[in-house]
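Asks: This is the content of target_36.csv (CSV, C-alpha atoms):
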chain,number,residue,atom,x,y,z
X,1,MET,CA,-8.4,1.4,-24.8
X,2,SER,CA,-9.0,-2.3,-24.5
X,3,VAL,CA,-11.2,-3.7,-21.7
X,4,TYR,CA,-9.3,-4.7,-18.5
X,5,ARG,CA,-8.7,-8.5,-18.2
X,6,ASP,CA,-8.7,-8.0,-14.4
X,7,PHE,CA,-7.8,-5.5,-11.7
X,8,VAL,CA,-5.2,-7.6,-10.0
X,9,ARG,CA,-2.6,-8.0,-12.8
X,10,ASP,CA,-3.7,-6.3,-16.0
X,11,PHE,CA,-4.8,-3.0,-14.3
X,12,PRO,CA,-1.6,-2.7,-12.2
X,13,GLU,CA,0.5,-3.4,-15.3
X,14,ARG,CA,-1.1,-0.4,-17.0
X,15,CYS,CA,-0.5,1.7,-13.9
X,16,LEU,CA,3.2,0.7,-14.0
X,17,LYS,CA,3.4,1.9,-17.6
X,18,LEU,CA,2.0,5.3,-16.5
X,19,LEU,CA,4.5,5.4,-13.6
X,20,GLN,CA,7.4,4.8,-16.0
X,21,ARG,CA,6.1,7.6,-18.2
X,22,SER,CA,5.9,10.0,-15.2
X,23,GLU,CA,9.6,9.5,-14.6
X,24,ARG,CA,10.2,11.4,-17.9
X,25,ASN,CA,7.6,14.1,-17.2
X,26,PHE,CA,9.4,16.1,-14.5
X,27,ASP,CA,6.9,19.0,-14.3
X,28,LEU,CA,4.1,16.7,-13.1
X,29,GLU,CA,6.1,13.8,-11.7
X,30,VAL,CA,4.7,13.8,-8.2
X,31,THR,CA,1.2,14.6,-9.3
X,32,GLN,CA,1.2,11.6,-11.7
X,33,LEU,CA,2.8,9.5,-9.0
X,34,LEU,CA,0.0,10.2,-6.6
X,35,LEU,CA,-2.6,9.5,-9.3
X,36,VAL,CA,-1.1,6.2,-10.1
X,37,ALA,CA,-0.8,5.2,-6.4
X,38,SER,CA,-4.4,6.2,-5.6
X,39,SER,CA,-5.6,3.5,-8.0
X,40,GLY,CA,-2.8,1.1,-8.7
X,41,PHE,CA,-2.1,0.6,-5.0
X,42,VAL,CA,-5.6,0.8,-3.5
X,43,ILE,CA,-7.7,-1.2,-6.0
X,44,PRO,CA,-5.6,-4.4,-6.2
X,45,ARG,CA,-5.0,-4.4,-2.4
X,46,GLU,CA,-8.7,-4.1,-1.6
X,47,ARG,CA,-9.6,-6.9,-4.0
X,48,LEU,CA,-7.0,-9.2,-2.5
X,49,LYS,CA,-7.7,-8.4,1.1
X,50,ASP,CA,-8.4,-11.5,3.3
X,51,ARG,CA,-11.5,-10.4,5.1
X,52,ASN,CA,-12.6,-13.9,6.1
X,53,ASN,CA,-9.3,-15.4,7.3
X,54,THR,CA,-9.3,-17.7,4.3
X,55,LEU,CA,-5.5,-17.4,4.0
X,56,GLU,CA,-4.7,-18.1,7.6
X,57,PRO,CA,-3.3,-21.6,8.5
X,58,ASP,CA,-5.9,-22.0,11.2
X,59,TYR,CA,-8.8,-20.9,9.1
X,60,ARG,CA,-11.7,-19.6,11.2
X,61,PRO,CA,-14.3,-17.8,9.2
X,62,LYS,CA,-15.6,-14.4,10.3
X,63,TYR,CA,-19.3,-13.7,10.7
X,64,ARG,CA,-21.2,-10.4,11.1
X,65,LYS,CA,-23.3,-9.7,14.1
X,66,GLY,CA,-26.4,-11.0,12.3
X,67,GLY,CA,-24.7,-14.3,11.5
X,68,GLU,CA,-23.9,-13.5,7.9
X,69,LEU,CA,-20.5,-14.8,6.6
X,70,VAL,CA,-17.9,-12.1,5.9
X,71,ALA,CA,-17.0,-12.6,2.2
X,72,ASN,CA,-13.8,-12.0,0.4
X,73,HIS,CA,-13.8,-10.4,-3.0
X,74,PRO,CA,-14.0,-13.1,-5.7
X,75,ASP,CA,-10.5,-12.2,-6.8
X,76,VAL,CA,-9.1,-13.8,-3.7
X,77,ALA,CA,-10.2,-17.2,-5.0
X,78,GLU,CA,-9.4,-16.3,-8.7
X,79,PHE,CA,-5.8,-15.3,-7.8
X,80,LEU,CA,-5.4,-17.6,-4.7
X,81,GLU,CA,-1.7,-18.1,-4.9
X,82,LEU,CA,-1.0,-14.4,-5.4
X,83,ALA,CA,-3.4,-13.5,-2.7
X,84,GLY,CA,-1.5,-15.9,-0.3
X,85,THR,CA,1.9,-14.4,-1.3
X,86,VAL,CA,0.6,-10.8,-0.7
X,87,HIS,CA,-1.0,-11.9,2.6
X,88,GLN,CA,2.1,-13.4,4.0
X,89,GLU,CA,4.3,-10.4,3.0
X,90,LEU,CA,1.8,-8.0,4.7
X,91,LYS,CA,2.2,-9.9,8.0
X,92,ARG,CA,5.9,-9.4,8.1
X,93,PRO,CA,7.6,-6.6,10.1
X,94,VAL,CA,8.4,-3.8,7.7
X,95,LYS,CA,12.1,-3.9,8.6
X,96,GLU,CA,12.2,-7.6,7.7
X,97,SER,CA,10.2,-7.3,4.5
X,98,SER,CA,11.2,-7.0,0.9
X,99,PHE,CA,10.0,-3.4,0.9
X,100,TRP,CA,12.3,-2.1,3.6
X,101,PRO,CA,15.4,-1.8,1.4
X,102,LEU,CA,13.4,0.4,-1.0
X,103,ILE,CA,12.4,2.9,1.7
X,104,ARG,CA,14.8,2.7,4.6
X,105,SER,CA,16.9,5.6,3.4
X,106,SER,CA,14.1,8.1,4.0
X,107,ALA,CA,11.2,6.4,5.9
X,108,GLN,CA,10.1,8.3,9.0
X,109,TYR,CA,7.2,7.8,11.4
X,110,GLN,CA,5.5,10.1,13.8
X,111,GLU,CA,2.2,10.4,15.8
X,112,ARG,CA,0.9,14.0,16.1
X,113,TRP,CA,-2.1,16.2,15.5
X,114,ARG,CA,-3.2,16.6,11.9
X,115,PRO,CA,-2.1,20.0,10.6
X,116,SER,CA,-3.9,22.3,8.2
X,117,GLY,CA,-2.3,23.2,4.9
X,118,VAL,CA,-0.3,21.0,2.6
X,119,GLU,CA,3.2,20.7,4.1
X,120,LEU,CA,4.2,18.1,6.7
X,121,VAL,CA,7.1,15.7,7.3
X,122,ALA,CA,7.1,13.0,10.0
X,123,VAL,CA,10.2,12.9,12.2
X,124,GLY,CA,11.0,9.7,14.0
X,125,GLU,CA,12.0,6.1,13.4
X,126,VAL,CA,9.7,3.5,11.9
X,127,PRO,CA,8.7,1.2,14.9
X,128,ASP,CA,10.4,-2.2,14.8
X,129,ALA,CA,7.0,-3.9,15.5
X,130,MET,CA,5.2,-2.2,12.6
X,131,THR,CA,4.1,-4.7,10.0
X,132,VAL,CA,3.8,-4.1,6.2
X,133,GLU,CA,0.1,-4.3,6.6
X,134,GLN,CA,0.1,-1.5,9.2
X,135,LEU,CA,2.3,0.6,6.9
X,136,PHE,CA,0.1,0.0,3.9
X,137,ASP,CA,-3.0,0.8,6.0
X,138,ILE,CA,-1.6,4.3,6.6
X,139,LEU,CA,-0.8,4.7,2.8
X,140,ARG,CA,-4.2,3.4,1.8
X,141,ASN,CA,-6.0,5.8,4.3
X,142,GLY,CA,-3.9,8.7,3.2
X,143,LEU,CA,-4.6,8.1,-0.5
X,144,ALA,CA,-8.3,7.3,-0.1
X,145,HIS,CA,-9.2,10.0,2.4
X,146,GLY,CA,-7.0,12.9,1.3
X,147,ASN,CA,-4.5,12.7,4.2
X,148,VAL,CA,-1.6,13.4,2.0
X,149,PHE,CA,1.1,16.1,2.6
X,150,VAL,CA,4.3,17.2,0.9
X,151,LYS,CA,7.5,18.9,1.8
X,152,GLY,CA,9.4,21.2,-0.4
X,153,ASP,CA,13.1,21.8,-0.7
X,154,ARG,CA,14.9,25.1,-0.9
X,155,ARG,CA,13.8,25.5,-4.5
X,156,ARG,CA,10.2,24.7,-3.6
X,157,GLU,CA,10.4,21.4,-5.5
X,158,ILE,CA,8.5,18.5,-3.8
X,159,ALA,CA,11.1,16.4,-1.9
X,160,ALA,CA,9.0,14.2,0.3
X,161,LEU,CA,5.5,12.7,0.6
X,162,THR,CA,3.6,12.1,3.9
X,163,PHE,CA,0.6,9.9,4.4
X,164,GLY,CA,-1.6,9.9,7.5
X,165,GLN,CA,-4.2,7.7,9.3
X,166,SER,CA,-6.1,8.6,12.5
X,167,THR,CA,-5.1,6.7,15.6
X,168,ILE,CA,-8.7,6.7,16.8
X,169,ARG,CA,-11.8,7.0,14.6
X,170,ASP,CA,-12.9,10.6,14.1
X,171,SER,CA,-9.9,11.9,16.0
X,172,ASP,CA,-7.5,14.6,14.9
X,173,GLU,CA,-4.5,12.6,16.3
X,174,TYR,CA,-2.8,10.8,13.5
X,175,LYS,CA,0.1,8.5,12.7
X,176,PHE,CA,2.1,9.7,9.7
X,177,VAL,CA,4.8,8.1,7.5
X,178,THR,CA,7.1,10.1,5.3
X,179,PHE,CA,9.1,9.0,2.3
X,180,SER,CA,11.3,10.8,-0.2
X,181,VAL,CA,9.6,11.0,-3.7
X,182,ARG,CA,12.3,8.6,-5.0
X,183,ASP,CA,11.7,6.0,-2.3
X,184,PHE,CA,7.9,6.2,-2.6
X,185,ARG,CA,8.2,5.6,-6.3
X,186,SER,CA,10.5,2.6,-5.5
X,187,LEU,CA,7.9,1.3,-3.0
X,188,LEU,CA,5.2,1.6,-5.6
X,189,ARG,CA,7.3,-0.2,-8.2
X,190,GLY,CA,8.0,-2.9,-5.7
X,191,TRP,CA,4.2,-3.3,-5.1
X,192,PHE,CA,3.6,-3.7,-8.8
X,193,ALA,CA,6.5,-6.2,-9.1
X,194,LEU,CA,4.9,-8.3,-6.4
X,195,LEU,CA,1.5,-8.3,-8.2
X,196,LEU,CA,3.0,-9.0,-11.6
X,197,ASP,CA,5.8,-11.4,-10.8
X,198,GLU,CA,4.6,-13.1,-7.5
X,199,THR,CA,8.3,-13.1,-6.4
X,200,LEU,CA,9.9,-11.2,-3.5
X,201,ILE,CA,13.5,-10.6,-2.4
X,202,SER,CA,12.5,-12.2,0.9
X,203,GLY,CA,11.5,-15.4,-0.8
X,204,VAL,CA,8.2,-15.6,1.1
X,205,GLN,CA,6.3,-18.8,0.5
X,206,PRO,CA,2.5,-18.4,0.8
X,207,THR,CA,0.5,-20.5,3.3
X,208,LEU,CA,-2.7,-21.2,1.5
X,209,GLN,CA,-6.1,-22.3,2.8
X,210,GLU,CA,-8.6,-23.3,0.2
X,211,PRO,CA,-12.0,-21.5,0.7
X,212,ALA,CA,-14.7,-23.6,2.2
X,213,ALA,CA,-17.2,-25.0,-0.3
Show this structure as structure tokens.
Replies:
Amino acid sequence: MSVYRDFVRDFPERCLKLLQRSERNFDLEVTQLLLVASSGFVIPRERLKDRNNTLEPDYRPKYRKGGELVANHPDVAEFLELAGTVHQELKRPVKESSFWPLIRSSAQYQERWRPSGVELVAVGEVPDAMTVEQLFDILRNGLAHGNVFVKGDRRREIAALTFGQSTIRDSDEYKFVTFSVRDFRSLLRGWFALLLDETLISGVQPTLQEPAA
């Protein structure tokens, strides 16, 4: 396998190819979907995250308690336009974003105690005020920290995936989002399309702030 050119476009493109293969491998479809999401969603997002407000119109750098400047990953500067596009889309309400048409048929939200076992489905509407960033935070936490659950149908086939994030640090009270397997795959494909094409249905135009020298 050739060396990755980068983890923002080249790596997600390879993840997308695996995702397309999983659609033809029905016995392990969901397992491969979760494997692809755990890397193809988490890694590019962490590298493009604006930790220092660089992409905000009123740029105000963040500093740690000791006075040290909070630094972005170098990929933010390397892929500045793409980082700006992603940043703007993450700030949008989920229901006004390009991702909503991909998940609205099955997306559910609920706050409750984290259960034991592997099966769980959230029951409730996605809040109107929830942003894409808040939704993605739940997905990222679920994938990175093992807060993933499934729901089987009558034939014991996996029909839905649920991801959770604690409402308070070290608490057993969680917020959960649930998607059908089909919609979660569509969401992941939409994420890869954003990274690879830099275009969205919503036509978001990035607001860019060049990093301070």
Asks: Of the residues X:Glu96, X:Arg47, X:Lys62, X:Ala107, which is the one nearest to Glu78 of chain X, using all atoms listed in the file?
Replies: X:Arg47
Asks: Determine, counting all atoms listed in the file, every residue of protein, DNA or RNA that lies within 8 Å of (0.4, 6.2, 9.9) in the file coordinates, then give the result as a compact mmCIF listing (two decimals) with C-alpha atoms, keeping the file's coordinate frame.
Replies:
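Generated output (selection_32.txt):
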# COMPACT_ATOMS: atom_id res chain seq x y z
CA TYR X 109 7.20 7.80 11.40
CA GLN X 110 5.50 10.10 13.80
CA GLU X 111 2.20 10.40 15.80
CA GLN X 134 0.10 -1.50 9.20
CA LEU X 135 2.30 0.60 6.90
CA ASP X 137 -3.00 0.80 6.00
CA ILE X 138 -1.60 4.30 6.60
CA LEU X 139 -0.80 4.70 2.80
CA PHE X 163 0.60 9.90 4.40
CA GLY X 164 -1.60 9.90 7.50
CA GLN X 165 -4.20 7.70 9.30
CA SER X 166 -6.10 8.60 12.50
CA THR X 167 -5.10 6.70 15.60
CA TYR X 174 -2.80 10.80 13.50
CA LYS X 175 0.10 8.50 12.70
CA PHE X 176 2.10 9.70 9.70
CA VAL X 177 4.80 8.10 7.50
Asks: Measuring atom to atom with only C-alpha atoms, identify which of X:Ile158, X:Leu28, X:Val94, X:Ala37 is nearest to Leu120 of chain X.
Replies: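 Result for the nearest residue to Leu120 of chain X: X:Ile158.
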Asks: Expressed in Å to a single decimal, how great is the separation between atom CA of Lys49 of chain X and atom CA of Leu90 of chain X?
Replies: 10.2 Å
Asks: May I have the residues within 10 Å of Leu187 of chain X as a PyMOL selection string, using all atoms listed in the file and disregarding those fewer than 2 positions away in the same chain?
Replies: chain X and resi 98-103+179+181-185+189-193
Asks: Which residues are near Leu48 of chain X? Cut-off 9 Å, only C-alpha atoms, ignore same chain within fewer than 6 positions. Put them as a ChimeraX atom specification.
Replies: /X:8,72-77,79-80,82-84,86-87
Asks: Using all atoms listed in the file, which of X:Leu195, X:Leu143, X:Leu19, X:Val150 sits nearest Val121 of chain X?
Replies: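 Distance minimum relative to Val121 of chain X lands on X:Val150.
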Asks: Would you please work out which residue, of X:Thr31, X:Ser105, X:Ser180, X:Thr85, is nearest to Asp153 of chain X when using only C-alpha atoms?
Replies: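 Among X:Thr31, X:Ser105, X:Ser180, X:Thr85, it is X:Ser180 that comes nearest to Asp153 of chain X.
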Asks: Counting only C-alpha atoms, figure out which residue out of X:Arg140, X:Arg14, X:Arg104, X:Arg21 gets nearest to Met1 of chain X.
Replies: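 Result for the nearest residue to Met1 of chain X: X:Arg14.
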Asks: Closest to Gln108 of chain X among X:Ala159, X:Pro93, X:Thr178, X:Phe41, using all atoms listed in the file?
Replies: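 Of X:Ala159, X:Pro93, X:Thr178, X:Phe41, the one nearest Gln108 of chain X, counting all atoms listed in the file, is X:Thr178.
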Asks: Just give me the gap between atom CA of Ser106 of chain X and atom CA of Ser171 of chain X in Å, one decimal is fine.
Replies: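 Interatomic distance, atom CA of Ser106 of chain X to atom CA of Ser171 of chain X: 27.1 Å.
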Asks: For a test of reading the model, state the distance in Å between atom CA of Cys15 of chain X and atom CA of Leu35 of chain X, rounded to one decimal.
Replies: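 Taking atom CA of Cys15 of chain X as the start and atom CA of Leu35 of chain X as the end point, the length is 9.3 Å.
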